[in-house]
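What follows is model.csv (CSV, C-alpha atoms).
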chain,number,residue,atom,x,y,z
A,1,MET,CA,-16.9,12.9,20.7
A,2,GLY,CA,-16.6,14.2,24.3
A,3,PRO,CA,-16.9,18.0,23.6
A,4,PHE,CA,-19.8,17.4,21.2
A,5,ALA,CA,-21.7,15.3,23.7
A,6,LEU,CA,-21.1,17.8,26.5
A,7,ALA,CA,-22.3,20.6,24.3
A,8,LEU,CA,-25.5,18.7,23.4
A,9,ASP,CA,-26.3,17.8,27.0
A,10,THR,CA,-25.7,21.3,28.2
A,11,LYS,CA,-28.0,22.7,25.6
A,12,ASN,CA,-30.8,20.3,26.5
A,13,SER,CA,-30.6,21.1,30.2
A,14,PHE,CA,-30.7,24.9,29.7
A,15,ALA,CA,-33.6,24.6,27.3
A,16,ALA,CA,-35.8,23.9,30.3
A,17,SER,CA,-35.2,27.4,31.6
A,18,SER,CA,-36.6,30.1,29.2
A,19,SER,CA,-34.6,32.9,31.0
A,20,ALA,CA,-31.2,31.3,30.0
A,21,THR,CA,-32.0,30.2,26.5
A,22,ASP,CA,-30.0,33.0,24.7
A,23,ALA,CA,-27.0,32.7,27.1
A,24,SER,CA,-26.8,28.9,26.7
A,25,GLY,CA,-27.0,29.3,22.9
A,26,ARG,CA,-24.0,31.7,23.0
A,27,LYS,CA,-22.2,29.2,25.2
A,28,MET,CA,-22.9,26.4,22.8
A,29,ASP,CA,-21.4,28.4,19.9
A,30,ASN,CA,-18.2,28.8,21.9
A,31,LEU,CA,-18.1,25.2,23.0
A,32,GLN,CA,-18.6,23.5,19.6
A,33,MET,CA,-15.4,22.7,17.9
A,34,VAL,CA,-15.0,22.3,14.2
A,35,PRO,CA,-12.4,19.7,13.2
A,36,LYS,CA,-9.7,20.9,10.9
A,37,LYS,CA,-10.1,19.5,7.4
A,38,PHE,CA,-6.9,18.4,5.8
A,39,PHE,CA,-8.6,17.3,2.6
A,40,ALA,CA,-11.3,18.9,0.4
A,41,SER,CA,-14.8,17.9,1.5
A,42,ILE,CA,-18.3,18.7,0.4
A,43,ASN,CA,-21.7,18.1,2.0
A,44,ASN,CA,-24.4,16.4,0.1
A,45,GLU,CA,-27.5,18.5,0.1
A,46,GLU,CA,-29.7,15.4,0.0
A,47,GLU,CA,-28.8,12.0,1.5
A,48,LYS,CA,-29.7,9.5,-1.2
A,49,PRO,CA,-30.1,5.7,-0.6
A,50,PHE,CA,-27.2,3.6,-1.7
A,51,ASP,CA,-28.3,1.8,-4.9
A,52,PHE,CA,-25.5,-0.6,-5.7
A,53,LEU,CA,-26.8,-2.1,-8.9
A,54,ARG,CA,-27.6,1.3,-10.4
A,55,ILE,CA,-24.2,2.7,-9.5
A,56,LEU,CA,-22.5,-0.5,-10.8
A,57,PHE,CA,-24.4,-0.4,-14.1
A,58,GLU,CA,-23.7,3.3,-14.7
A,59,GLY,CA,-20.1,2.9,-13.8
A,60,VAL,CA,-19.6,0.0,-16.2
A,61,ILE,CA,-21.2,1.9,-19.1
A,62,ALA,CA,-19.4,5.1,-18.4
A,63,GLY,CA,-16.0,3.5,-17.8
A,64,GLY,CA,-16.2,1.3,-20.9
A,65,THR,CA,-17.2,4.2,-23.1
A,66,ALA,CA,-14.4,6.5,-21.7
A,67,GLY,CA,-11.8,3.7,-22.0
A,68,VAL,CA,-12.5,3.0,-25.6
A,69,VAL,CA,-12.6,6.6,-26.7
A,70,VAL,CA,-9.3,7.5,-25.0
A,71,GLU,CA,-7.5,4.4,-26.1
A,72,THR,CA,-8.5,4.9,-29.8
A,73,ALA,CA,-7.5,8.5,-29.8
A,74,LEU,CA,-4.1,8.1,-28.2
A,75,TYR,CA,-2.9,4.7,-29.3
A,76,PRO,CA,-0.1,6.0,-31.6
A,77,ILE,CA,1.5,8.0,-28.7
A,78,ASP,CA,1.3,4.9,-26.5
A,79,THR,CA,3.0,2.8,-29.2
A,80,ILE,CA,5.9,5.3,-29.5
A,81,LYS,CA,6.3,5.3,-25.7
A,82,THR,CA,6.4,1.5,-25.6
A,83,ARG,CA,9.0,1.3,-28.3
A,84,LEU,CA,11.2,3.9,-26.6
A,85,GLN,CA,11.0,2.0,-23.3
A,86,ALA,CA,11.6,-1.4,-24.9
A,87,THR,CA,14.7,-0.3,-26.8
A,88,ARG,CA,17.9,-1.1,-25.0
A,89,GLY,CA,20.7,1.4,-25.2
A,90,GLY,CA,20.4,4.2,-27.8
A,91,GLY,CA,18.7,2.2,-30.5
A,92,GLN,CA,16.3,3.8,-33.0
A,93,ILE,CA,12.6,3.1,-33.0
A,94,ALA,CA,10.3,2.5,-36.0
A,95,LEU,CA,7.5,4.9,-36.6
A,96,LYS,CA,5.4,2.6,-38.8
A,97,GLY,CA,2.4,0.6,-37.7
A,98,LEU,CA,1.6,2.9,-34.8
A,99,TYR,CA,-2.0,1.4,-34.7
A,100,SER,CA,-0.6,-2.1,-34.6
A,101,GLY,CA,-2.8,-4.2,-32.2
A,102,LEU,CA,-5.5,-1.6,-31.6
A,103,LEU,CA,-8.5,-3.8,-32.3
A,104,GLY,CA,-7.2,-6.6,-30.1
A,105,ASN,CA,-6.4,-4.1,-27.4
A,106,LEU,CA,-9.8,-2.5,-27.5
A,107,ALA,CA,-11.2,-6.0,-26.8
A,108,GLY,CA,-9.4,-5.9,-23.5
A,109,VAL,CA,-9.7,-2.2,-22.7
A,110,LEU,CA,-13.5,-2.1,-22.9
A,111,PRO,CA,-14.1,-4.8,-20.2
A,112,ALA,CA,-11.1,-3.6,-18.1
A,113,SER,CA,-12.3,0.1,-18.0
A,114,ALA,CA,-15.8,-1.1,-17.4
A,115,ILE,CA,-14.7,-3.3,-14.5
A,116,PHE,CA,-12.5,-0.5,-13.0
A,117,VAL,CA,-15.2,2.2,-12.9
A,118,GLY,CA,-17.8,-0.4,-12.1
A,119,VAL,CA,-15.9,-1.3,-8.9
A,120,TYR,CA,-14.6,2.2,-8.2
A,121,GLU,CA,-17.9,4.1,-8.2
A,122,PRO,CA,-19.9,2.0,-5.7
A,123,ALA,CA,-16.7,1.5,-3.5
A,124,LYS,CA,-16.1,5.2,-3.5
A,125,GLN,CA,-19.7,6.1,-2.6
A,126,LYS,CA,-19.9,3.4,0.1
A,127,LEU,CA,-16.6,4.5,1.6
A,128,LEU,CA,-17.6,8.2,1.6
A,129,LYS,CA,-20.5,7.2,3.8
A,130,MET,CA,-18.2,5.4,6.2
A,131,VAL,CA,-15.2,7.7,6.7
A,132,PRO,CA,-15.3,11.2,8.2
A,133,GLU,CA,-16.0,14.0,5.7
A,134,ASN,CA,-12.5,15.5,6.1
A,135,LEU,CA,-10.9,12.1,5.1
A,136,SER,CA,-12.6,11.8,1.8
A,137,ALA,CA,-9.2,11.4,0.1
A,138,VAL,CA,-8.8,8.1,1.9
A,139,ALA,CA,-12.0,6.8,0.3
A,140,HIS,CA,-10.8,7.9,-3.1
A,141,LEU,CA,-7.4,6.3,-2.7
A,142,THR,CA,-8.9,3.1,-1.5
A,143,ALA,CA,-11.6,2.9,-4.1
A,144,GLY,CA,-9.0,3.6,-6.8
A,145,ALA,CA,-6.8,0.7,-5.6
A,146,LEU,CA,-9.8,-1.7,-5.4
A,147,GLY,CA,-10.8,-0.8,-8.9
A,148,GLY,CA,-7.2,-1.4,-10.1
A,149,ILE,CA,-7.0,-4.8,-8.5
A,150,ALA,CA,-10.3,-5.9,-10.0
A,151,ALA,CA,-9.4,-4.7,-13.5
A,152,SER,CA,-5.9,-6.1,-13.4
A,153,PHE,CA,-7.1,-9.6,-14.3
A,154,VAL,CA,-8.1,-8.3,-17.7
A,155,ARG,CA,-5.7,-5.4,-18.0
A,156,VAL,CA,-2.5,-7.5,-17.7
A,157,PRO,CA,-3.1,-10.0,-20.5
A,158,THR,CA,-4.3,-7.1,-22.7
A,159,GLU,CA,-1.2,-5.1,-21.9
A,160,VAL,CA,1.1,-8.0,-22.6
A,161,ILE,CA,-0.4,-8.7,-26.0
A,162,LYS,CA,-0.6,-5.0,-26.9
A,163,GLN,CA,3.0,-4.3,-26.0
A,164,ARG,CA,4.3,-7.4,-27.8
A,165,MET,CA,2.4,-6.3,-30.9
A,166,GLN,CA,3.6,-2.7,-30.6
A,167,THR,CA,7.2,-4.0,-30.6
A,168,ARG,CA,6.4,-6.1,-33.7
A,169,GLN,CA,6.8,-9.5,-32.1
A,170,PHE,CA,3.4,-10.7,-33.4
A,171,ALA,CA,1.2,-9.8,-36.4
A,172,SER,CA,-2.2,-10.2,-34.7
A,173,ALA,CA,-3.8,-10.6,-31.3
A,174,PRO,CA,-5.0,-14.2,-31.8
A,175,ASP,CA,-1.5,-15.2,-32.9
A,176,ALA,CA,0.0,-13.4,-29.9
A,177,VAL,CA,-2.2,-15.3,-27.5
A,178,ARG,CA,-1.6,-18.7,-29.2
A,179,LEU,CA,2.2,-18.3,-29.4
A,180,ILE,CA,2.6,-16.8,-25.9
A,181,VAL,CA,0.7,-19.7,-24.3
A,182,SER,CA,2.5,-22.3,-26.4
A,183,LYS,CA,6.0,-21.0,-25.6
A,184,GLU,CA,5.6,-19.5,-22.1
A,185,GLY,CA,2.4,-21.2,-20.8
A,186,PHE,CA,-0.7,-19.4,-19.6
A,187,LYS,CA,1.4,-17.5,-17.1
A,188,GLY,CA,3.1,-15.8,-20.0
A,189,LEU,CA,-0.1,-13.7,-20.5
A,190,TYR,CA,0.5,-12.4,-16.9
A,191,ALA,CA,4.2,-11.6,-17.4
A,192,GLY,CA,5.1,-8.6,-15.3
A,193,TYR,CA,2.0,-8.9,-13.2
A,194,GLY,CA,3.8,-7.8,-10.1
A,195,SER,CA,5.4,-4.8,-11.8
A,196,PHE,CA,2.0,-4.0,-13.3
A,197,LEU,CA,0.4,-3.8,-9.9
A,198,LEU,CA,3.4,-1.9,-8.6
A,199,ARG,CA,2.8,0.7,-11.2
A,200,ASP,CA,-1.0,0.7,-11.7
A,201,LEU,CA,-2.3,0.5,-8.1
A,202,PRO,CA,-0.4,3.6,-7.0
A,203,PHE,CA,-1.2,5.3,-10.4
A,204,ASP,CA,-5.0,4.5,-10.2
A,205,ALA,CA,-5.2,5.5,-6.5
A,206,ILE,CA,-3.2,8.7,-6.9
A,207,GLN,CA,-4.8,9.9,-10.1
A,208,PHE,CA,-8.4,9.4,-9.0
A,209,CYS,CA,-7.6,10.9,-5.6
A,210,ILE,CA,-6.1,14.0,-7.1
A,211,TYR,CA,-8.9,14.3,-9.7
A,212,GLU,CA,-11.7,13.9,-7.1
A,213,GLN,CA,-10.1,16.2,-4.5
A,214,LEU,CA,-9.5,19.0,-7.1
A,215,ARG,CA,-13.1,18.6,-8.3
A,216,ILE,CA,-14.4,18.9,-4.8
A,217,GLY,CA,-12.2,21.9,-4.0
A,218,TYR,CA,-13.3,23.6,-7.3
A,219,LYS,CA,-16.9,23.0,-6.6
A,220,LEU,CA,-16.6,24.6,-3.1
A,221,ALA,CA,-14.8,27.6,-4.6
A,222,ALA,CA,-17.2,28.0,-7.6
A,223,LYS,CA,-20.3,27.0,-5.7
A,224,ARG,CA,-21.7,25.1,-8.7
A,225,GLU,CA,-21.3,21.9,-10.7
A,226,LEU,CA,-18.3,21.7,-13.0
A,227,ASN,CA,-18.8,21.9,-16.8
A,228,ASP,CA,-17.1,19.5,-19.3
A,229,PRO,CA,-14.0,21.7,-20.1
A,230,GLU,CA,-13.3,22.1,-16.4
A,231,ASN,CA,-13.6,18.4,-15.8
A,232,ALA,CA,-11.2,17.9,-18.8
A,233,VAL,CA,-8.6,20.3,-17.5
A,234,ILE,CA,-8.6,18.8,-14.0
A,235,GLY,CA,-8.4,15.3,-15.5
A,236,ALA,CA,-5.4,16.4,-17.7
A,237,PHE,CA,-3.5,17.8,-14.7
A,238,ALA,CA,-4.2,14.7,-12.5
A,239,GLY,CA,-3.1,12.4,-15.3
A,240,ALA,CA,0.0,14.2,-16.3
A,241,LEU,CA,1.3,14.6,-12.7
A,242,THR,CA,0.6,11.0,-11.9
A,243,GLY,CA,2.1,9.8,-15.1
A,244,ALA,CA,5.4,11.6,-14.5
A,245,ILE,CA,5.7,10.3,-11.0
A,246,THR,CA,5.2,6.7,-12.0
A,247,THR,CA,7.4,6.6,-15.2
A,248,PRO,CA,10.2,4.5,-13.6
A,249,LEU,CA,7.6,1.9,-12.6
A,250,ASP,CA,6.2,2.0,-16.2
A,251,VAL,CA,9.7,1.4,-17.6
A,252,ILE,CA,10.2,-1.7,-15.4
A,253,LYS,CA,6.8,-3.1,-16.3
A,254,THR,CA,7.4,-2.6,-20.0
A,255,ARG,CA,10.8,-4.4,-19.9
A,256,LEU,CA,9.4,-7.3,-17.9
A,257,MET,CA,6.3,-7.7,-20.2
A,258,THR,CA,8.2,-7.5,-23.5
A,259,GLN,CA,11.2,-9.7,-22.6
A,260,GLY,CA,9.3,-12.9,-23.7
A,261,SER,CA,10.9,-16.2,-23.1
A,262,ALA,CA,14.4,-14.7,-23.2
A,263,ASN,CA,14.1,-14.0,-19.4
A,264,GLN,CA,16.7,-11.1,-19.4
A,265,TYR,CA,15.4,-10.1,-16.0
A,266,LYS,CA,14.6,-12.3,-13.1
A,267,GLY,CA,12.2,-10.0,-11.4
A,268,ILE,CA,11.5,-6.4,-10.5
A,269,VAL,CA,14.7,-5.8,-8.4
A,270,ASP,CA,16.9,-7.5,-11.0
A,271,CYS,CA,15.3,-5.5,-13.7
A,272,VAL,CA,16.1,-2.2,-11.9
A,273,LYS,CA,19.7,-3.2,-11.1
A,274,THR,CA,20.3,-4.3,-14.7
A,275,ILE,CA,18.9,-1.2,-16.3
A,276,VAL,CA,20.9,1.1,-14.0
A,277,ALA,CA,24.1,-0.9,-14.4
A,278,GLU,CA,23.9,-1.2,-18.2
A,279,GLU,CA,22.1,2.0,-19.2
A,280,GLY,CA,22.4,4.4,-16.2
A,281,PRO,CA,19.7,5.8,-14.0
A,282,PRO,CA,18.2,8.1,-16.7
A,283,ALA,CA,17.0,5.0,-18.5
A,284,LEU,CA,14.3,4.6,-15.8
A,285,LEU,CA,12.8,7.8,-17.2
A,286,LYS,CA,12.7,6.6,-20.8
A,287,GLY,CA,9.5,7.7,-22.6
A,288,ILE,CA,8.5,10.2,-19.9
A,289,GLY,CA,7.7,12.8,-22.6
A,290,PRO,CA,5.3,10.7,-24.6
A,291,ARG,CA,3.9,9.2,-21.3
A,292,VAL,CA,3.1,12.5,-19.7
A,293,LEU,CA,1.7,13.8,-23.0
A,294,TRP,CA,-0.3,10.6,-23.5
A,295,ILE,CA,-1.7,10.4,-20.0
A,296,GLY,CA,-2.3,14.1,-19.7
A,297,ILE,CA,-4.4,14.2,-22.9
A,298,GLY,CA,-5.8,10.8,-22.0
A,299,GLY,CA,-6.9,12.1,-18.6
A,300,SER,CA,-8.6,15.0,-20.2
A,301,ILE,CA,-10.5,12.8,-22.6
A,302,PHE,CA,-11.2,10.0,-20.2
A,303,PHE,CA,-12.6,12.1,-17.3
A,304,GLY,CA,-14.4,14.4,-19.7
A,305,VAL,CA,-16.2,11.5,-21.4
A,306,LEU,CA,-16.7,9.7,-18.1
A,307,GLU,CA,-18.5,12.7,-16.4
A,308,ARG,CA,-20.5,13.4,-19.5
A,309,THR,CA,-21.6,9.7,-19.8
A,310,LYS,CA,-22.4,9.6,-16.1
A,311,ARG,CA,-24.5,12.7,-16.4
A,312,TYR,CA,-26.3,11.4,-19.4
A,313,LEU,CA,-27.2,8.1,-17.7
A,314,ALA,CA,-28.3,10.0,-14.6
A,315,GLN,CA,-30.6,12.2,-16.6
A,316,ASN,CA,-32.1,9.3,-18.4
A,317,ARG,CA,-32.9,7.0,-15.5
A,318,PRO,CA,-36.3,5.4,-15.5
A,319,ASP,CA,-37.3,7.2,-12.2
A,320,ASN,CA,-36.4,10.6,-13.8
A,321,ALA,CA,-38.6,9.8,-16.9
A,322,THR,CA,-41.5,8.8,-14.6
A,323,SER,CA,-41.2,12.0,-12.5
A,324,LYS,CA,-41.2,14.1,-15.7
A,325,LYS,CA,-44.5,12.5,-16.9
A,326,ASP,CA,-46.1,13.2,-13.5

Written as structure tokens, how would this file's structure read?
Amino acid sequence: MGPFALALDTKNSFAASSSATDASGRKMDNLQMVPKKFFASINNEEEKPFDFLRILFEGVIAGGTAGVVVETALYPIDTIKTRLQATRGGGQIALKGLYSGLLGNLAGVLPASAIFVGVYEPAKQKLLKMVPENLSAVAHLTAGALGGIAASFVRVPTEVIKQRMQTRQFASAPDAVRLIVSKEGFKGLYAGYGSFLLRDLPFDAIQFCIYEQLRIGYKLAAKRELNDPENAVIGAFAGALTGAITTPLDVIKTRLMTQGSANQYKGIVDCVKTIVAEEGPPALLKGIGPRVLWIGIGGSIFFGVLERTKRYLAQNRPDNATSKKD
């Protein structure tokens, strides 16, 4: 802050002398230093007050809508990916019942997606006001991790039930809940919670950071707001890249969540060692094709629907309707 304060004081002192105004102005231009920006950043044209409840409400609605749409559209691909990862060795997978467990999964996806975006949006906007503009990526990373932690309490039981049904261990979601709790206890619904966080916290943080930074950079280059196809393309790229990077973590999470009461693996480290020893390192990349395809297309749909819903809600706020009448 030293050079900026010095420049400000110098300008004020010379302002008293009308004969040196132009010279001091030129000195000021030379003295002011612009910090190098390592991440994309954009200035808000108008500083708006932070309305937590409105941001929370719109985030919950937009997140829930986007989550349900993308889950319904891509559930068969997710089922194939799960069956590939859960199969040990070179076993064949069944291609029947690819929508098995969808309705039960949607009952969890809706609140989980709503919670995630409901936490992410206000956290992101609050953090962006707190951190320097050139460190906006830190705000996006942190907000993504916070959203992931909040949503994990709903996501994990939903994921456990979904994957057990996808691998045909149970016929319905209510049966899955009842039998898991009776055989494994309530903690069975949170099987693989550590590996889930190990996968999803980096995934959420990285995906949303890449998406937000690309959007900011594109806005600066285009000097306009992005349209729906552009948001979709950026979302697809961010999702596919993040999905490929985190595939080994996803394999570990799937094995731990689908092992049931057999307890083949004692934890994350034992799971990795066993997979590598019995099946070789390439087994940690099982399902990478369907995963990248699923998350790439899913990112396109999710972020496209998310931005469209956020824009719709913003255009239909009560204050906007009042101003139109006036």

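As for CA of Glu159 (chain A) and CA of Thr242 (chain A), they are spaced 19.0 Å apart.
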
Item to check | Spatial neighbours of Thr247 (chain A), 8 Å, only C-alpha atoms, chain gap at least 5 places, as number ranges by chain | outcome: A: 284-288, 291

Written selection (C-alpha atoms) as a PDB file, keeping the file's coordinate frame:
ATOM      1  CA  LEU A 284      14.300   4.600 -15.800  1.00  0.00           C
ATOM      2  CA  LEU A 285      12.800   7.800 -17.200  1.00  0.00           C
ATOM      3  CA  LYS A 286      12.700   6.600 -20.800  1.00  0.00           C
ATOM      4  CA  GLY A 287       9.500   7.700 -22.600  1.00  0.00           C
ATOM      5  CA  ILE A 288       8.500  10.200 -19.900  1.00  0.00           C
ATOM      6  CA  ARG A 291       3.900   9.200 -21.300  1.00  0.00           C
TER       7      ARG A 291
END

Checklist entry - In Å, how far is it from CA of Ala139 (chain A) to CA of Leu127 (chain A)? => result 5.3 Å

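Distances to Tyr75 (chain A) were evaluated for A:Gly217, A:Gly194, A:Gly298, A:Gly280 using only C-alpha atoms, and the minimum falls at A:Gly298.
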
Checklist outcome for this item: re CA of Gly243 (chain A) and CA of Val292 (chain A): distance 5.4 Å

With 10 Å as the threshold, what does the neighbourhood of (-19.9, -3.8, -19.8) contain in terms of residues, counting only C-alpha atoms? Coordinates are those of the file; answer as a PDB file with C-alpha atoms, in the frame of the given file.
ATOM      1  CA  LEU A  56     -22.500  -0.500 -10.800  1.00  0.00           C
ATOM      2  CA  PHE A  57     -24.400  -0.400 -14.100  1.00  0.00           C
ATOM      3  CA  GLU A  58     -23.700   3.300 -14.700  1.00  0.00           C
ATOM      4  CA  GLY A  59     -20.100   2.900 -13.800  1.00  0.00           C
ATOM      5  CA  VAL A  60     -19.600   0.000 -16.200  1.00  0.00           C
ATOM      6  CA  ILE A  61     -21.200   1.900 -19.100  1.00  0.00           C
ATOM      7  CA  ALA A  62     -19.400   5.100 -18.400  1.00  0.00           C
ATOM      8  CA  GLY A  63     -16.000   3.500 -17.800  1.00  0.00           C
ATOM      9  CA  GLY A  64     -16.200   1.300 -20.900  1.00  0.00           C
ATOM     10  CA  THR A  65     -17.200   4.200 -23.100  1.00  0.00           C
ATOM     11  CA  LEU A 110     -13.500  -2.100 -22.900  1.00  0.00           C
ATOM     12  CA  PRO A 111     -14.100  -4.800 -20.200  1.00  0.00           C
ATOM     13  CA  ALA A 112     -11.100  -3.600 -18.100  1.00  0.00           C
ATOM     14  CA  SER A 113     -12.300   0.100 -18.000  1.00  0.00           C
ATOM     15  CA  ALA A 114     -15.800  -1.100 -17.400  1.00  0.00           C
ATOM     16  CA  ILE A 115     -14.700  -3.300 -14.500  1.00  0.00           C
ATOM     17  CA  GLY A 118     -17.800  -0.400 -12.100  1.00  0.00           C
TER      18      GLY A 118
END

Item to check | Who sits within 10 Å of Gln125 (chain A), only C-alpha atoms, same chain under 5 positions skipped, as a ChimeraX atom specification | outcome: /A:50-52,55,120,130,139-140,143

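Near region 176-186 of chain A, within a cut-off of 12 Å and counting all atoms listed in the file, sit the residues Gly101, Gly104, Asn105, Pro157, Thr158, Glu159, Val160, Ile161, Lys162, Gln163, Arg164, Met165, Gln166, Thr167, Arg168, Gln169, Phe170, Ala171, Ala191, Met257, Thr258, Gln259, Gly260, Ser261, Ala262 and Asn263 of chain A, with same-chain residues fewer than 5 positions away left out.
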
Item to check | Using only C-alpha atoms: which of A:Val119, A:Leu313, A:Leu103, A:Ala283 has the shortest distance to Ala150 (chain A) | outcome: A:Val119

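Proximity to Ile252 (chain A) was assessed for A:Pro122, A:Gly235, A:Gly192, A:Gly147 counting all atoms listed in the file; the smallest distance is recorded for A:Gly192.
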
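Minimum atom-to-atom distances from A:Glu225, A:Thr254, A:Lys126, A:Leu201 to Arg311 (chain A) were compared using only C-alpha atoms, and the lowest value belongs to A:Glu225.
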
Checklist entry - From the set A:Glu212, A:Ala173, A:Asn316, A:Tyr193, which residue has the shortest atom-to-atom contact distance to Ile268 (chain A), counting only C-alpha atoms? => result A:Tyr193

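Across A:Gly304, A:Val272, A:Leu135, A:Val156, the tightest approach to Lys187 (chain A) is made by A:Val156 when counting only C-alpha atoms.
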
Checklist entry - Can you tell me, as a PyMOL selection string, which residues sit within 10 Å of (-10.5, 11.4, -8.1) in the file's frame, using all atoms listed in the file? => result chain A and resi 124+137+139-141+143-144+204-216+234-235+238+303

Expected file: the selected residues, C-alpha atoms, as a compact mmCIF listing (two decimals), in the coordinates of the input:
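again.txt, freshly written:
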# COMPACT_ATOMS: atom_id res chain seq x y z
CA LYS A 124 -16.10 5.20 -3.50
CA ALA A 137 -9.20 11.40 0.10
CA ALA A 139 -12.00 6.80 0.30
CA HIS A 140 -10.80 7.90 -3.10
CA LEU A 141 -7.40 6.30 -2.70
CA ALA A 143 -11.60 2.90 -4.10
CA GLY A 144 -9.00 3.60 -6.80
CA ASP A 204 -5.00 4.50 -10.20
CA ALA A 205 -5.20 5.50 -6.50
CA ILE A 206 -3.20 8.70 -6.90
CA GLN A 207 -4.80 9.90 -10.10
CA PHE A 208 -8.40 9.40 -9.00
CA CYS A 209 -7.60 10.90 -5.60
CA ILE A 210 -6.10 14.00 -7.10
CA TYR A 211 -8.90 14.30 -9.70
CA GLU A 212 -11.70 13.90 -7.10
CA GLN A 213 -10.10 16.20 -4.50
CA LEU A 214 -9.50 19.00 -7.10
CA ARG A 215 -13.10 18.60 -8.30
CA ILE A 216 -14.40 18.90 -4.80
CA ILE A 234 -8.60 18.80 -14.00
CA GLY A 235 -8.40 15.30 -15.50
CA ALA A 238 -4.20 14.70 -12.50
CA PHE A 303 -12.60 12.10 -17.30

Please produce region 271-276 of chain A, completed to all heavy atoms, as a CSV table (one decimal), keeping the file's coordinate frame.
chain,number,residue,atom,x,y,z
A,271,CYS,N,15.6,-6.3,-12.6
A,271,CYS,CA,15.3,-5.5,-13.7
A,271,CYS,C,15.9,-4.1,-13.4
A,271,CYS,O,16.6,-3.5,-14.3
A,271,CYS,CB,13.8,-5.4,-14.0
A,271,CYS,SG,13.4,-4.4,-15.4
A,272,VAL,N,15.6,-3.5,-12.3
A,272,VAL,CA,16.1,-2.2,-11.9
A,272,VAL,C,17.6,-2.2,-11.9
A,272,VAL,O,18.3,-1.3,-12.5
A,272,VAL,CB,15.5,-1.8,-10.5
A,272,VAL,CG1,16.2,-0.4,-10.1
A,272,VAL,CG2,14.0,-1.6,-10.5
A,273,LYS,N,18.2,-3.2,-11.2
A,273,LYS,CA,19.7,-3.2,-11.1
A,273,LYS,C,20.3,-3.3,-12.5
A,273,LYS,O,21.3,-2.6,-12.8
A,273,LYS,CB,20.1,-4.4,-10.3
A,273,LYS,CG,19.8,-4.3,-8.8
A,273,LYS,CD,20.3,-5.5,-8.1
A,273,LYS,CE,20.0,-5.4,-6.6
A,273,LYS,NZ,20.5,-6.6,-5.8
A,274,THR,N,19.8,-4.2,-13.4
A,274,THR,CA,20.3,-4.3,-14.7
A,274,THR,C,20.2,-3.1,-15.6
A,274,THR,O,21.2,-2.7,-16.2
A,274,THR,CB,19.6,-5.5,-15.5
A,274,THR,OG1,19.7,-6.7,-14.7
A,274,THR,CG2,20.2,-5.7,-16.8
A,275,ILE,N,19.1,-2.4,-15.5
A,275,ILE,CA,18.9,-1.2,-16.3
A,275,ILE,C,19.8,-0.1,-15.8
A,275,ILE,O,20.5,0.6,-16.6
A,275,ILE,CB,17.4,-0.7,-16.1
A,275,ILE,CG1,16.5,-1.6,-16.9
A,275,ILE,CG2,17.3,0.7,-16.7
A,275,ILE,CD1,15.0,-1.3,-16.6
A,276,VAL,N,20.0,0.1,-14.5
A,276,VAL,CA,20.9,1.1,-14.0
A,276,VAL,C,22.3,0.8,-14.3
A,276,VAL,O,23.1,1.7,-14.7
A,276,VAL,CB,20.6,1.2,-12.4
A,276,VAL,CG1,21.7,2.2,-11.8
A,276,VAL,CG2,19.3,1.8,-12.1
